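Some notes on the structure that comes next.
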Amino acid sequence: MKQQPLALRMRPAHIEDIIGQEHLVGPNKILNRMVQAERLASMILFGPPGTGKTSMAVALAKSLGKRVKMLNAVTDKKKDMEIVVEEAKMMGQVVLILDEVHRLDKAKQDFLLPHLESNLLTLIGCTTSNPYHSINPAIRSRCHLFELHPLTADNVKTAIKRAIDDHTNGYGELDIVMSDEACDHFANSANGDMRSALNGLELAVSSTPENDNNQIVIDLPTAEECMQKKSFSHDKGGDAHYDVLSAFQKSIRGSDVDAALHYLGRLIEAGDMDSIARRMIVIAYEDIGLANPQAGPRAVAAVQAAERLGFPEARIPLSVAIVELSLSPKSNTAYKALDGALADIRSGKSGEIPAHLKDSHYQGAQKLGRGIDYKYPHNYDGGWVDQQYLPDSIKNKHYYNPKNSAKFEQALKQVYEKIQKDRKN
């Protein structure tokens, strides 16, 4: 057992052992309720590496005493899945934990679908990819989707201390003395990846000889070597990593280019390319939006260049993009408008699509009144014609409220206001 990696040995055996992810496994939360009801449904667990997707899947199955089979959608073949199905037919329902589920090819998918439908198999798929982008709708529609969030530094510290104290699977039989600075460094430099922190701890323990008192002393320099990252302080109070990310985005939103570059430097020093890339692209569309529509594509291009170059050169395209994002005019009107539409839809304010907008490209559509009286805008001067597009129940609803923050959106505002004026006339 002790020959297995520490991160594997320390996997939770029960839902109560899971660290973090309280939004899913906390009291009265959805996965906890599934266990209490003894009804495990097929699901996709998605989130960044090291957040405990596979560990959570195993813990859920073990909590209910279910038979578990673990496969990988890339390396395991269709034949391996056939063996699992045959076992389920002979012995009853099996929980199939499928890593890299987004890489499931069509043949494997077609084989699994009927067994998911019959509930012979309960699938728990694990992936780092967004399931809405990467998983076939046929599989996705048969599974609940649950997102796992990066673990906090406190979560990671809990895992480290548990591993040091655990006599069965951890290092409880050893006398390990770890400084607070070393523990903080393991937790902060892991950037929410528990596996990374436990791998670093394992390397520190295995490579540090005992002192004269038979103690294994792990100090900050040892932690830095084992995590391959230098310690740095987010601020004098030791703010958590995600406070830096928050400050990074808020500095750009507030057009403070110096502060934005400072926080970018902290993230670069932590080597956290993934968080930098994600925040930059989100900021370009969330905070700049229509005030500078080219900021989004240019941010994506900068991220791609940075990922291609790698550190330290990656800092160059990142710095160019951050200066532009910081000094660009800001507008959040587009996504706020969509949020308003989504709020109406989720509260039941949708209504039936007007008949003249419904699909008419099939035989019999005209008999059903589909597409009749539709006015083709290109046949009218200005490419616009007054006709109803929203359902009757919300036909006068306005979601988009343009700003005067930049020339591009000012131009959109003029078009928008002219259309509204012409409709009233």
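Ordering of the structure tokens sets the chain letters (A, B, ...), residue numbers begin anew at 1 in every chain, and ligands are numbered from 1 in the order given.
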
Open item on the list: Can you pull out every residue from segment 243-369 of chain A that DSSP, working from the backbone, puts in helix (DSSP H, G or I), and format the result as a ChimeraX atom specification?
Closed with: /A:243-253,257-269,273-291,295-309,315-327,333-346,355-357

Open item on the list: Residues near Ser393 of chain A, anyone? I mean within 8 Å using only C-alpha atoms, not counting same-chain ones fewer than 2 positions away, as a list in words.
Closed with: Lys349, Ser350, Gly351, Pro391 and Lys395 of chain A

- [ ] For each of A:Lys336, A:Arg39, A:His185, A:His262, take the minimum atom-to-atom distance to Leu64 of chain A, counting only C-alpha atoms, then give the residue where this is smallest.
- [x] A:Arg39

TODO: Identify all residues of segment 7-102 of chain A in strand (DSSP E or B) (DSSP on the backbone) and supply them as a ChimeraX atom specification.
DONE: /A:43-46,67-72,94-99

Selection export as a short mmCIF file (atom, residue, chain, number, x, y, z; two decimals), in the first residue's frame, atoms kept: N, CA, C and O atoms:
data_model
loop_
_atom_site.label_atom_id
_atom_site.label_comp_id
_atom_site.auth_asym_id
_atom_site.auth_seq_id
_atom_site.Cartn_x
_atom_site.Cartn_y
_atom_site.Cartn_z
N MET A 43 -23.46 11.23 -13.52
CA MET A 43 -23.05 12.63 -13.42
C MET A 43 -21.71 12.85 -14.10
O MET A 43 -20.95 11.90 -14.34
N ILE A 44 -21.45 14.11 -14.42
CA ILE A 44 -20.13 14.53 -14.89
C ILE A 44 -19.57 15.49 -13.85
O ILE A 44 -20.21 16.49 -13.52
N LEU A 45 -18.38 15.18 -13.33
CA LEU A 45 -17.68 16.08 -12.41
C LEU A 45 -16.60 16.78 -13.20
O LEU A 45 -15.74 16.12 -13.80
N PHE A 46 -16.65 18.11 -13.24
CA PHE A 46 -15.64 18.83 -14.02
C PHE A 46 -15.04 19.96 -13.19
O PHE A 46 -15.69 20.53 -12.32
N ARG A 67 -20.49 -1.30 -6.12
CA ARG A 67 -19.34 -1.85 -6.84
C ARG A 67 -18.81 -0.80 -7.79
O ARG A 67 -19.58 -0.13 -8.49
N VAL A 68 -17.50 -0.67 -7.84
CA VAL A 68 -16.87 0.40 -8.62
C VAL A 68 -15.89 -0.19 -9.63
O VAL A 68 -15.11 -1.10 -9.30
N LYS A 69 -15.94 0.33 -10.82
CA LYS A 69 -14.93 0.04 -11.83
C LYS A 69 -14.40 1.38 -12.34
O LYS A 69 -15.19 2.29 -12.64
N MET A 70 -13.08 1.49 -12.45
CA MET A 70 -12.47 2.73 -12.91
C MET A 70 -11.79 2.49 -14.25
O MET A 70 -10.96 1.59 -14.39
N LEU A 71 -12.17 3.32 -15.23
CA LEU A 71 -11.59 3.24 -16.56
C LEU A 71 -11.19 4.63 -17.02
O LEU A 71 -11.60 5.65 -16.43
N ASN A 72 -10.40 4.66 -18.08
CA ASN A 72 -9.98 5.92 -18.68
C ASN A 72 -10.46 5.93 -20.13
O ASN A 72 -10.20 4.97 -20.87
N VAL A 94 -23.37 -1.37 -11.43
CA VAL A 94 -21.98 -1.00 -11.21
C VAL A 94 -21.83 0.50 -11.44
O VAL A 94 -22.45 1.06 -12.35
N VAL A 95 -21.01 1.13 -10.60
CA VAL A 95 -20.65 2.53 -10.82
C VAL A 95 -19.38 2.56 -11.66
O VAL A 95 -18.34 2.05 -11.22
N LEU A 96 -19.48 3.11 -12.85
CA LEU A 96 -18.33 3.23 -13.74
C LEU A 96 -17.76 4.64 -13.62
O LEU A 96 -18.40 5.61 -14.01
N ILE A 97 -16.56 4.74 -13.05
CA ILE A 97 -15.87 6.02 -12.95
C ILE A 97 -14.96 6.14 -14.17
O ILE A 97 -14.05 5.33 -14.36
N LEU A 98 -15.24 7.12 -15.00
CA LEU A 98 -14.55 7.24 -16.29
C LEU A 98 -13.77 8.54 -16.34
O LEU A 98 -14.34 9.63 -16.49
N ASP A 99 -12.45 8.43 -16.18
CA ASP A 99 -11.59 9.61 -16.29
C ASP A 99 -11.46 10.05 -17.74
O ASP A 99 -11.63 9.23 -18.67
#

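Summary of the local environment: counting only C-alpha atoms, residues at most 6 Å from segment 166-175 of chain A, other than itself and those fewer than 3 positions away along its chain, are Arg9, Arg162, Ala163 and Gln215 of chain A.
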
How would the residues just picked look written out with N, CA and C atoms as a CSV table (one decimal), in the first residue's frame?
chain,number,residue,atom,x,y,z
A,9,ARG,N,-3.1,7.3,-2.0
A,9,ARG,CA,-3.4,6.7,-0.7
A,9,ARG,C,-4.3,7.5,0.2
A,162,ARG,N,-3.6,16.2,7.5
A,162,ARG,CA,-4.2,14.9,7.6
A,162,ARG,C,-3.2,13.9,7.1
A,163,ALA,N,-2.5,14.1,6.0
A,163,ALA,CA,-1.5,13.2,5.5
A,163,ALA,C,-0.4,12.9,6.5
A,215,GLN,N,13.9,13.2,13.8
A,215,GLN,CA,12.8,14.0,13.2
A,215,GLN,C,13.1,14.3,11.7

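The shortest atom-to-atom distance to Met194 of chain A, with only C-alpha atoms taken into account, belongs to A:Asp154 out of A:Asp422, A:Asp154, A:Asp180, A:Asp287.
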
Task: Contacts of segment 21-30 of chain A at 10 Å (only C-alpha atoms; same-chain gap of 2+ positions) as a ChimeraX atom specification - done: /A:15-19,32-36,51-52,56,60,146-152,155
